[in-house]
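Below is the file input14.csv, which contains CSV, C-alpha atoms.
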chain,number,residue,atom,x,y,z
A,1,MET,CA,0.0,0.0,0.0
A,2,LEU,CA,1.4,3.3,-1.1
A,3,ASP,CA,-0.3,5.3,1.7
A,4,LYS,CA,0.9,2.9,4.4
A,5,THR,CA,4.0,5.0,5.3
A,6,SER,CA,2.0,8.2,5.5
A,7,LEU,CA,-0.6,6.4,7.7
A,8,THR,CA,2.2,5.2,10.0
A,9,HIS,CA,3.4,8.8,10.3
A,10,LEU,CA,-0.1,9.9,11.2
A,11,HIS,CA,-0.4,7.2,13.9
A,12,ILE,CA,3.1,8.0,15.4
A,13,SER,CA,2.3,11.7,15.3
A,14,ARG,CA,-1.1,11.2,17.1
A,15,PHE,CA,0.4,8.9,19.7
A,16,ALA,CA,3.2,11.4,20.4
A,17,THR,CA,0.7,14.3,20.7
A,18,ILE,CA,-1.4,12.4,23.3
A,19,LEU,CA,1.8,11.4,25.2
A,20,SER,CA,3.1,14.9,25.2
A,21,ARG,CA,-0.2,16.3,26.5
A,22,LEU,CA,-0.4,13.7,29.2
A,23,ALA,CA,3.3,14.5,30.1
A,24,THR,CA,2.5,18.2,30.2
A,25,ILE,CA,-0.4,17.5,32.7
A,26,LEU,CA,1.9,15.4,34.8
A,27,ILE,CA,4.7,18.1,34.9
A,28,ILE,CA,2.2,20.9,35.5
A,29,VAL,CA,0.4,19.1,38.2
A,30,GLY,CA,3.8,18.0,39.7
A,31,ILE,CA,5.0,21.6,39.9
A,32,THR,CA,1.6,22.8,41.2
A,33,LEU,CA,1.6,20.3,43.9
A,34,VAL,CA,4.9,21.8,45.2
A,35,ALA,CA,2.8,24.8,46.1
A,36,ILE,CA,0.0,22.8,47.7
A,37,PRO,CA,-0.5,25.1,50.7
A,38,ILE,CA,-1.4,27.9,48.2
A,39,PHE,CA,-3.5,25.7,45.8
A,40,GLN,CA,-5.3,23.5,48.3
A,41,GLY,CA,-8.7,24.7,47.0
A,42,LEU,CA,-7.9,23.3,43.6
A,43,LEU,CA,-6.4,20.1,44.8
A,44,ILE,CA,-9.4,17.9,44.5
A,45,ALA,CA,-10.1,18.9,40.9
A,46,VAL,CA,-6.5,18.5,40.0
A,47,LEU,CA,-6.3,15.1,41.6
A,48,LEU,CA,-9.3,13.8,39.7
A,49,ILE,CA,-7.5,14.6,36.4
A,50,LEU,CA,-4.2,13.2,37.7
A,51,ASP,CA,-5.9,10.0,38.9
A,52,LEU,CA,-7.1,9.3,35.4
A,53,THR,CA,-3.8,10.4,33.8
A,54,ALA,CA,-1.8,8.2,36.2
A,55,LEU,CA,-4.0,5.3,35.3
A,56,VAL,CA,-3.5,5.8,31.6
A,57,PHE,CA,0.3,6.2,32.1
A,58,TYR,CA,0.4,2.9,34.0
A,59,GLY,CA,-1.5,1.3,31.2
A,60,ILE,CA,1.0,2.6,28.6
A,61,ILE,CA,4.0,1.6,30.6
A,62,THR,CA,2.6,-1.9,31.2
A,63,PHE,CA,1.7,-2.2,27.5
A,64,PHE,CA,5.3,-1.4,26.5
A,65,SER,CA,6.8,-3.5,29.3
A,66,VAL,CA,4.8,-6.6,28.2
A,67,PHE,CA,4.8,-6.2,24.4
A,68,THR,CA,8.4,-5.1,24.0
A,69,LEU,CA,9.7,-7.6,26.6
A,70,LEU,CA,11.5,-4.7,28.3
A,71,ALA,CA,9.9,-5.2,31.7
A,72,SER,CA,12.8,-3.6,33.5
A,73,PRO,CA,12.5,-3.0,37.3
A,74,THR,CA,12.7,0.7,36.7
A,75,TRP,CA,9.5,0.8,34.7
A,76,GLN,CA,7.8,-1.5,37.0
A,77,GLU,CA,9.0,0.7,39.9
A,78,ILE,CA,7.4,3.8,38.2
A,79,GLY,CA,4.2,1.8,37.6
A,80,GLY,CA,4.3,0.8,41.3
A,81,TYR,CA,4.6,4.4,42.4
A,82,LEU,CA,1.7,5.4,40.2
A,83,LEU,CA,-0.4,2.5,41.6
A,84,GLY,CA,0.8,3.5,45.1
A,85,PHE,CA,-0.5,7.0,44.4
A,86,LEU,CA,-3.8,5.7,43.3
A,87,GLY,CA,-4.1,3.6,46.5
A,88,ASN,CA,-3.1,6.7,48.5
A,89,PHE,CA,-5.7,8.8,46.8
A,90,SER,CA,-8.5,6.2,47.3
A,91,SER,CA,-7.8,5.7,51.0
A,92,ALA,CA,-10.0,7.4,53.5
A,93,ASP,CA,-7.0,8.7,55.6
A,94,PHE,CA,-5.6,10.7,52.8
A,95,ASN,CA,-2.3,12.2,53.9
A,96,ILE,CA,-1.0,15.3,52.2
A,97,ASP,CA,2.7,14.7,53.3
A,98,ALA,CA,2.6,11.2,52.0
A,99,PHE,CA,1.2,12.5,48.7
A,100,VAL,CA,3.9,15.1,48.2
A,101,GLN,CA,6.6,12.4,48.1
A,102,TYR,CA,5.2,11.2,44.8
A,103,VAL,CA,5.8,14.6,43.1
A,104,PRO,CA,9.4,13.8,41.9
A,105,HIS,CA,8.2,10.6,40.4
A,106,PHE,CA,5.4,12.4,38.5
A,107,LEU,CA,7.9,15.0,37.2
A,108,ILE,CA,10.5,12.4,36.1
A,109,THR,CA,7.8,10.2,34.5
A,110,GLY,CA,6.4,13.3,32.8
A,111,TYR,CA,9.8,14.4,31.6
A,112,VAL,CA,10.7,11.0,30.2
A,113,ALA,CA,7.3,10.9,28.4
A,114,MET,CA,7.9,14.4,27.1
A,115,VAL,CA,11.3,13.4,25.6
A,116,VAL,CA,9.9,10.2,24.1
A,117,SER,CA,7.0,12.2,22.5
A,118,LEU,CA,9.5,14.7,21.1
A,119,ILE,CA,11.5,11.9,19.5
A,120,LEU,CA,8.3,10.4,18.1
A,121,PHE,CA,7.4,13.9,16.7
A,122,ILE,CA,10.8,14.0,14.9
A,123,ILE,CA,10.2,10.5,13.5
A,124,SER,CA,6.7,11.4,12.3
A,125,ASN,CA,8.1,14.6,10.6
A,126,LYS,CA,5.9,16.9,12.7
A,127,VAL,CA,9.0,18.6,14.0
A,128,LYS,CA,11.0,19.8,11.1
A,129,ARG,CA,14.2,18.0,10.5
A,130,SER,CA,16.1,21.3,10.2
A,131,LYS,CA,18.7,23.2,12.2
A,132,ALA,CA,16.0,25.4,13.7
A,133,GLY,CA,14.0,22.3,14.7
A,134,ILE,CA,16.9,20.6,16.3
A,135,THR,CA,17.8,23.8,18.2
A,136,TYR,CA,14.2,24.1,19.4
A,137,CYS,CA,14.2,20.5,20.6
A,138,SER,CA,17.5,20.9,22.4
A,139,VAL,CA,16.4,24.1,24.1
A,140,PHE,CA,13.1,22.5,25.0
A,141,ILE,CA,14.7,19.4,26.5
A,142,GLY,CA,17.3,21.5,28.3
A,143,VAL,CA,14.9,24.0,29.8
A,144,SER,CA,12.4,21.3,30.9
A,145,LEU,CA,15.1,19.2,32.4
A,146,ALA,CA,16.4,22.2,34.3
A,147,ILE,CA,12.8,22.9,35.7
A,148,VAL,CA,12.4,19.2,36.7
A,149,LEU,CA,15.8,19.1,38.3
A,150,ILE,CA,15.2,22.4,40.3
A,151,VAL,CA,11.8,21.2,41.5
A,152,VAL,CA,13.0,17.7,42.3
A,153,GLY,CA,16.2,19.0,43.9
A,154,GLY,CA,14.1,21.5,46.0
A,155,ILE,CA,11.9,18.8,47.3
A,156,ALA,CA,14.9,16.6,48.1
A,157,LEU,CA,16.5,19.5,50.0
A,158,LEU,CA,13.3,20.1,51.9
A,159,ALA,CA,13.0,16.4,52.7
A,160,LEU,CA,16.6,16.3,54.0
A,161,LYS,CA,15.9,19.3,56.2
A,162,GLY,CA,12.8,17.5,57.5
A,163,GLY,CA,10.4,19.9,55.8
A,164,ILE,CA,8.4,17.1,54.3
B,1,MET,CA,18.5,11.8,-17.0
B,2,LYS,CA,15.6,14.1,-16.4
B,3,LYS,CA,14.8,15.6,-13.0
B,4,LEU,CA,11.5,16.6,-11.5
B,5,THR,CA,11.4,18.7,-8.4
B,6,LEU,CA,8.1,19.4,-6.5
B,7,THR,CA,8.2,22.2,-4.0
B,8,PHE,CA,5.4,22.7,-1.5
B,9,ILE,CA,5.7,26.2,-0.1
B,10,ASN,CA,3.5,25.5,3.0
B,11,SER,CA,2.2,22.5,4.9
B,12,VAL,CA,-1.3,21.2,5.3
B,13,ALA,CA,-3.0,19.9,8.4
B,14,THR,CA,-3.8,16.5,6.8
B,15,GLU,CA,-1.1,14.0,5.8
B,16,THR,CA,-0.5,13.8,2.1
B,17,ALA,CA,1.4,11.3,-0.1
B,18,VAL,CA,3.3,12.1,-3.3
B,19,VAL,CA,3.6,9.3,-5.8
B,20,ILE,CA,5.3,9.4,-9.2
B,21,ASP,CA,5.0,6.4,-11.5
B,22,ASN,CA,3.7,4.3,-8.6
B,23,LYS,CA,6.7,5.2,-6.4
B,24,LEU,CA,6.1,6.8,-3.1
B,25,LEU,CA,8.5,9.7,-2.5
B,26,SER,CA,9.7,11.1,0.8
B,27,GLY,CA,10.1,14.8,1.1
B,28,LYS,CA,12.9,16.8,2.5
B,29,ILE,CA,12.0,19.8,4.6
B,30,LYS,CA,14.1,23.0,4.3
B,31,LYS,CA,13.1,26.4,5.7
B,32,GLY,CA,9.4,25.5,5.9
B,33,LYS,CA,9.3,24.2,2.4
B,34,THR,CA,9.0,20.5,1.4
B,35,TYR,CA,11.0,19.2,-1.6
B,36,TYR,CA,10.3,16.0,-3.5
B,37,GLU,CA,12.8,15.0,-6.2
B,38,TYR,CA,12.5,12.3,-8.8
B,39,GLU,CA,14.9,11.3,-11.6
B,40,THR,CA,13.9,9.3,-14.7
B,41,GLU,CA,14.8,8.7,-18.3
B,42,LYS,CA,11.2,9.0,-19.3
B,43,ASP,CA,9.7,12.0,-21.1
B,44,GLU,CA,6.4,11.8,-19.2
B,45,VAL,CA,5.5,10.6,-15.7
B,46,THR,CA,2.3,10.1,-13.8
B,47,LEU,CA,2.0,12.4,-10.8
B,48,ASN,CA,-0.4,11.4,-8.0
B,49,ILE,CA,-0.8,13.5,-4.8
B,50,PHE,CA,-3.4,12.4,-2.4
B,51,SER,CA,-4.4,12.9,1.2
B,52,VAL,CA,-4.2,10.1,3.8
B,53,HIS,CA,-7.0,9.9,6.3
B,54,GLU,CA,-6.6,8.1,9.7
B,55,PHE,CA,-9.8,6.3,9.2
B,56,THR,CA,-8.4,4.3,6.3
B,57,GLY,CA,-6.2,1.3,6.7
B,58,LYS,CA,-6.9,-2.2,7.9
B,59,PHE,CA,-7.0,-1.6,11.6
B,60,TRP,CA,-8.5,1.9,11.7
B,61,TRP,CA,-11.0,0.8,14.4
B,62,LEU,CA,-8.3,-0.6,16.6
B,63,PHE,CA,-6.1,2.5,16.4
B,64,ALA,CA,-9.1,4.8,16.9
B,65,PHE,CA,-10.2,2.8,20.0
B,66,ILE,CA,-6.7,2.7,21.5
B,67,TYR,CA,-6.2,6.5,21.0
B,68,TYR,CA,-9.6,7.2,22.5
B,69,VAL,CA,-8.8,5.2,25.6
B,70,ILE,CA,-5.2,6.3,26.2
B,71,SER,CA,-6.2,9.9,25.7
B,72,VAL,CA,-8.6,9.7,28.7
B,73,PHE,CA,-11.7,9.2,26.5
B,74,GLY,CA,-10.7,11.8,23.9
B,75,LEU,CA,-9.7,14.5,26.4
B,76,PHE,CA,-6.1,14.6,25.2
B,77,ASN,CA,-6.7,13.4,21.7
B,78,PRO,CA,-6.1,15.8,18.8
B,79,LYS,CA,-9.2,16.5,16.8
B,80,TYR,CA,-10.0,14.2,13.9
B,81,GLU,CA,-11.0,15.4,10.5
B,82,THR,CA,-14.6,14.4,10.8
B,83,LYS,CA,-16.1,15.2,7.4
B,84,GLY,CA,-14.2,12.5,5.5
B,85,LYS,CA,-12.6,15.3,3.4
B,86,VAL,CA,-10.0,13.9,1.0
B,87,PHE,CA,-8.4,14.6,-2.4
B,88,ASN,CA,-6.7,12.4,-5.0
B,89,TYR,CA,-5.0,14.5,-7.7
B,90,LYS,CA,-3.6,12.8,-10.8
B,91,ALA,CA,-1.9,14.2,-13.8
B,92,ASN,CA,0.6,13.3,-16.5
B,93,VAL,CA,3.7,15.6,-16.4
B,94,THR,CA,5.9,16.1,-19.5
B,95,LEU,CA,9.5,16.5,-18.4
B,96,THR,CA,12.4,18.6,-19.6
B,97,GLU,CA,16.0,18.4,-18.3
B,98,ASN,CA,15.0,20.2,-15.1
B,99,THR,CA,11.3,20.5,-14.3
B,100,GLU,CA,10.3,22.3,-11.2
B,101,ILE,CA,6.7,22.6,-10.0
B,102,ILE,CA,5.9,24.9,-7.1
B,103,LEU,CA,2.7,24.1,-5.2
B,104,ALA,CA,0.8,25.4,-2.2
B,105,TYR,CA,-2.0,24.0,-0.1
B,106,PRO,CA,-4.8,26.5,0.2
B,107,ILE,CA,-7.3,26.5,3.0
B,108,SER,CA,-10.2,24.7,1.2
B,109,LYS,CA,-13.6,23.2,1.9
B,110,VAL,CA,-15.2,20.3,0.1
B,111,GLY,CA,-15.6,21.1,-3.6
B,112,GLN,CA,-12.7,23.5,-3.6
B,113,LYS,CA,-9.2,23.2,-4.9
B,114,ALA,CA,-6.8,21.0,-3.0
B,115,LEU,CA,-3.6,22.3,-4.6
B,116,VAL,CA,-2.6,25.6,-6.1
B,117,PHE,CA,0.0,25.5,-8.8
B,118,LYS,CA,2.3,28.6,-8.6
B,119,ASN,CA,4.2,28.1,-11.8
B,120,ALA,CA,2.4,25.3,-13.7
B,121,GLU,CA,-1.3,26.2,-13.9
B,122,TYR,CA,-1.6,23.9,-17.0
B,123,LEU,CA,-1.3,20.9,-14.6
B,124,ASP,CA,-4.6,21.9,-12.8
B,125,ASN,CA,-7.4,19.5,-13.7
B,126,GLU,CA,-10.8,18.2,-12.4
B,127,SER,CA,-9.1,15.7,-10.0
B,128,ASN,CA,-7.6,18.6,-8.0
B,129,VAL,CA,-10.6,19.0,-5.7
B,130,TYR,CA,-11.6,18.0,-2.2
B,131,TYR,CA,-14.4,15.5,-2.0
B,132,VAL,CA,-16.2,13.5,0.8
B,133,ASP,CA,-15.2,9.9,1.0
B,134,GLU,CA,-18.4,8.2,2.0
B,135,LYS,CA,-16.7,5.1,3.4
B,136,ILE,CA,-14.6,7.3,5.8
B,137,LYS,CA,-17.6,9.4,6.7
B,138,LYS,CA,-19.6,6.2,7.5
B,139,ARG,CA,-16.7,4.9,9.7
B,140,ILE,CA,-16.5,8.2,11.6
B,141,LYS,CA,-20.2,8.1,12.3
B,142,GLY,CA,-20.0,4.4,13.2
B,143,PHE,CA,-17.3,5.1,15.8
B,144,ILE,CA,-19.4,7.6,17.8
B,145,PRO,CA,-21.6,4.9,19.5
B,146,VAL,CA,-18.4,2.9,20.3
B,147,LYS,CA,-17.0,6.0,22.1
B,148,ILE,CA,-20.2,6.6,24.0
B,149,ILE,CA,-20.5,2.9,25.1
B,150,THR,CA,-16.9,2.8,26.2
B,151,PHE,CA,-17.3,6.0,28.2
B,152,ILE,CA,-20.4,4.7,29.9
B,153,LEU,CA,-18.7,1.3,30.7
B,154,ALA,CA,-15.7,3.1,32.2
B,155,VAL,CA,-17.9,5.3,34.4
B,156,VAL,CA,-19.9,2.3,35.5
B,157,GLY,CA,-16.6,0.4,36.2
B,158,VAL,CA,-15.2,3.3,38.3
B,159,LEU,CA,-18.5,3.6,40.2
B,160,LEU,CA,-18.6,-0.1,40.9
B,161,ILE,CA,-14.9,0.0,42.2
B,162,ILE,CA,-15.8,2.9,44.5
B,163,LEU,CA,-19.1,1.4,45.8
B,164,LEU,CA,-17.8,-2.1,46.3
If you took the structure in this file and wrote it as C-alpha cells, what would it be?
Amino acid sequence: MLDKTSLTHLHISRFATILSRLATILIIVGITLVAIPIFQGLLIAVLLILDLTALVFYGIITFFSVFTLLASPTWQEIGGYLLGFLGNFSSADFNIDAFVQYVPHFLITGYVAMVVSLILFIISNKVKRSKAGITYCSVFIGVSLAIVLIVVGGIALLALKGGI
Amino acid sequence: MKKLTLTFINSVATETAVVIDNKLLSGKIKKGKTYYEYETEKDEVTLNIFSVHEFTGKFWWLFAFIYYVISVFGLFNPKYETKGKVFNYKANVTLTENTEIILAYPISKVGQKALVFKNAEYLDNESNVYYVDEKIKKRIKGFIPVKIITFILAVVGVLLIILL
C-alpha cells in the first residue's frame, strides 16, 4: 500500500501528541503540587485529572513492558509508584505529606514521556528536520530538564531538612 | 537523466502522499518548504498527490479505539478530520531536463481546490478537488456509538470500584 508510510506517520504523530499532552499535565500538576498550601482549594479537581492520567500512564508503561519484553525493574517501579499514588488517593485517611513524596516521580515520568514524545514527533516529521527544529528541541529538552531538576532538587532538600 | 522537483511552499493539516509512477516519494524539509525529487529517463511521468485519512487502513478501528482510551476518553486526543474530506490529484507531467513545480496547499472546503500551482497552472485539472469519501464518513459516524458505550462502561466500572 502506497499510503501505508503516511498512515504510520499519522499514527506516530497522534500517539506522540497524546503522550506529550499527558506528560504536560503530569509536569504541570507536579509543579503545582509543590505549592500545595497555596493551591489547596484546587487540589481535588487536579487530583481527579491526575488520577485518570496516572491510570493511563500505568497502562501505557505496562503495555510497553509486556509487548516489547522490556519489563525492567525501573519501569515496574514507576508503575508501582503510580499505583501507590492511586491507592493513597483512594484511601480514607488521605495524607498530604505522603502524597507530596510522589511529586518527583510524576515529574520524572512526565519528563521521560515528554522526551519520548518529542523523538516520536521527529520520527513522524511533525517537528521539522532542520537546524532550527533541532535547536528548538535541544532548548526545550534542556529547559524542561532544568525545571524538573530544580523542583525535584528543591523537594529533596526540603526532605533532607525535615520539611516534608 | 531528467529531474522533476516538486516544491510545497507550505504545509497542510492532513497528511499527504506524493507518488510518481507508482513510487512513493519522501520529502525533504528545508526552511518550511518541502521538496520532492524524482529522476527518470522517461519523457512523461504520472504524478499522484493524495491525502491520507486516519480512518483508512486495515486496523483503523483498533487505532481509533486505543487512542480514544489512552487519551482519557478523547480528552487529550487531537481533533480528527470528521467530514471525511480527502483529495486524489492525478496528472501526466511532461518532463524537460530540469522540471520544477511549485505548489501550495490552500485552506479549502469540500468542492474547492486541494492544490494551487504557482508556476504550472496547466497541470490543474478536475481531480484537483476535495471531496467527501463516503466510506470514511460512515466509519467516523459508526465510531461515535463505540465512544459513548466505552465511556459509559468506564464510568460504571469506576462507580462499581468505589461502591464495592
Checklist entry - Neighbours of region 97-109 of chain B within 7 Å (all atoms listed in the file; same-chain residues fewer than 5 positions away dropped), as a PyMOL selection string? => result chain B and resi 2-12+114-120+130
With 6 Å as the cut-off and all atoms listed in the file counted, what is the closest atom pair between each nearby residue of chain B and chain A? Distances in Å to one decimal, ordered by chain and number, as JSON lines.
{"residue": "B:Ile70", "atom": "CA", "partner": "A:Val56", "partner_atom": "CA", "distance": 5.7}
{"residue": "B:Ser71", "atom": "CA", "partner": "A:Ile18", "partner_atom": "CA", "distance": 5.9}
{"residue": "B:Phe76", "atom": "CA", "partner": "A:Ile18", "partner_atom": "CA", "distance": 5.5}
{"residue": "B:Asn77", "atom": "CA", "partner": "A:Ile18", "partner_atom": "CA", "distance": 5.6}
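Here CA of Val146 (chain B) stands at a distance of 22.3 Å from CA of Val132 (chain B).
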Next on the checklist: Show me the residues close to (2.2, 12.2, -16.8) - anything with an atom within 9 Å, counting only C-alpha atoms - and format the list as a PyMOL selection string.
Outcome noted: chain B and resi 20-21+43-47+90-95
Checklist entry - Which residues, written as a list in words, have at least one atom at most 10 Å from Tyr80 (chain B), with all atoms listed in the file counted and residues fewer than 6 positions away on the same chain left out? => result Arg14 of chain A; Thr14, His53, Glu54, Phe55, Ala64 and Ile140 of chain B
Can I get the selected residues back with C-alpha atoms, as a compact mmCIF listing (two decimals), keeping the file's coordinate frame?
# COMPACT_ATOMS: atom_id res chain seq x y z
CA ARG A 14 -1.10 11.20 17.10
CA THR B 14 -3.80 16.50 6.80
CA HIS B 53 -7.00 9.90 6.30
CA GLU B 54 -6.60 8.10 9.70
CA PHE B 55 -9.80 6.30 9.20
CA ALA B 64 -9.10 4.80 16.90
CA ILE B 140 -16.50 8.20 11.60
Using the structure just given, write a file holding C-alpha atoms for region 3-31 of chain B, as a PDB file, in the first residue's frame.
ATOM      1  CA  LYS B   3      14.834  15.583 -12.988  1.00  0.00           C
ATOM      2  CA  LEU B   4      11.457  16.584 -11.542  1.00  0.00           C
ATOM      3  CA  THR B   5      11.351  18.720  -8.401  1.00  0.00           C
ATOM      4  CA  LEU B   6       8.133  19.369  -6.510  1.00  0.00           C
ATOM      5  CA  THR B   7       8.249  22.208  -4.003  1.00  0.00           C
ATOM      6  CA  PHE B   8       5.446  22.682  -1.480  1.00  0.00           C
ATOM      7  CA  ILE B   9       5.727  26.185  -0.070  1.00  0.00           C
ATOM      8  CA  ASN B  10       3.528  25.474   2.959  1.00  0.00           C
ATOM      9  CA  SER B  11       2.215  22.510   4.907  1.00  0.00           C
ATOM     10  CA  VAL B  12      -1.270  21.157   5.343  1.00  0.00           C
ATOM     11  CA  ALA B  13      -3.028  19.850   8.448  1.00  0.00           C
ATOM     12  CA  THR B  14      -3.779  16.484   6.841  1.00  0.00           C
ATOM     13  CA  GLU B  15      -1.067  14.012   5.822  1.00  0.00           C
ATOM     14  CA  THR B  16      -0.452  13.834   2.090  1.00  0.00           C
ATOM     15  CA  ALA B  17       1.449  11.350  -0.059  1.00  0.00           C
ATOM     16  CA  VAL B  18       3.311  12.121  -3.285  1.00  0.00           C
ATOM     17  CA  VAL B  19       3.574   9.267  -5.769  1.00  0.00           C
ATOM     18  CA  ILE B  20       5.323   9.376  -9.160  1.00  0.00           C
ATOM     19  CA  ASP B  21       4.998   6.400 -11.498  1.00  0.00           C
ATOM     20  CA  ASN B  22       3.689   4.288  -8.600  1.00  0.00           C
ATOM     21  CA  LYS B  23       6.703   5.159  -6.432  1.00  0.00           C
ATOM     22  CA  LEU B  24       6.082   6.812  -3.066  1.00  0.00           C
ATOM     23  CA  LEU B  25       8.461   9.736  -2.533  1.00  0.00           C
ATOM     24  CA  SER B  26       9.684  11.066   0.788  1.00  0.00           C
ATOM     25  CA  GLY B  27      10.104  14.797   1.089  1.00  0.00           C
ATOM     26  CA  LYS B  28      12.945  16.848   2.477  1.00  0.00           C
ATOM     27  CA  ILE B  29      12.025  19.818   4.627  1.00  0.00           C
ATOM     28  CA  LYS B  30      14.112  22.955   4.338  1.00  0.00           C
ATOM     29  CA  LYS B  31      13.137  26.382   5.711  1.00  0.00           C
TER      30      LYS B  31
END
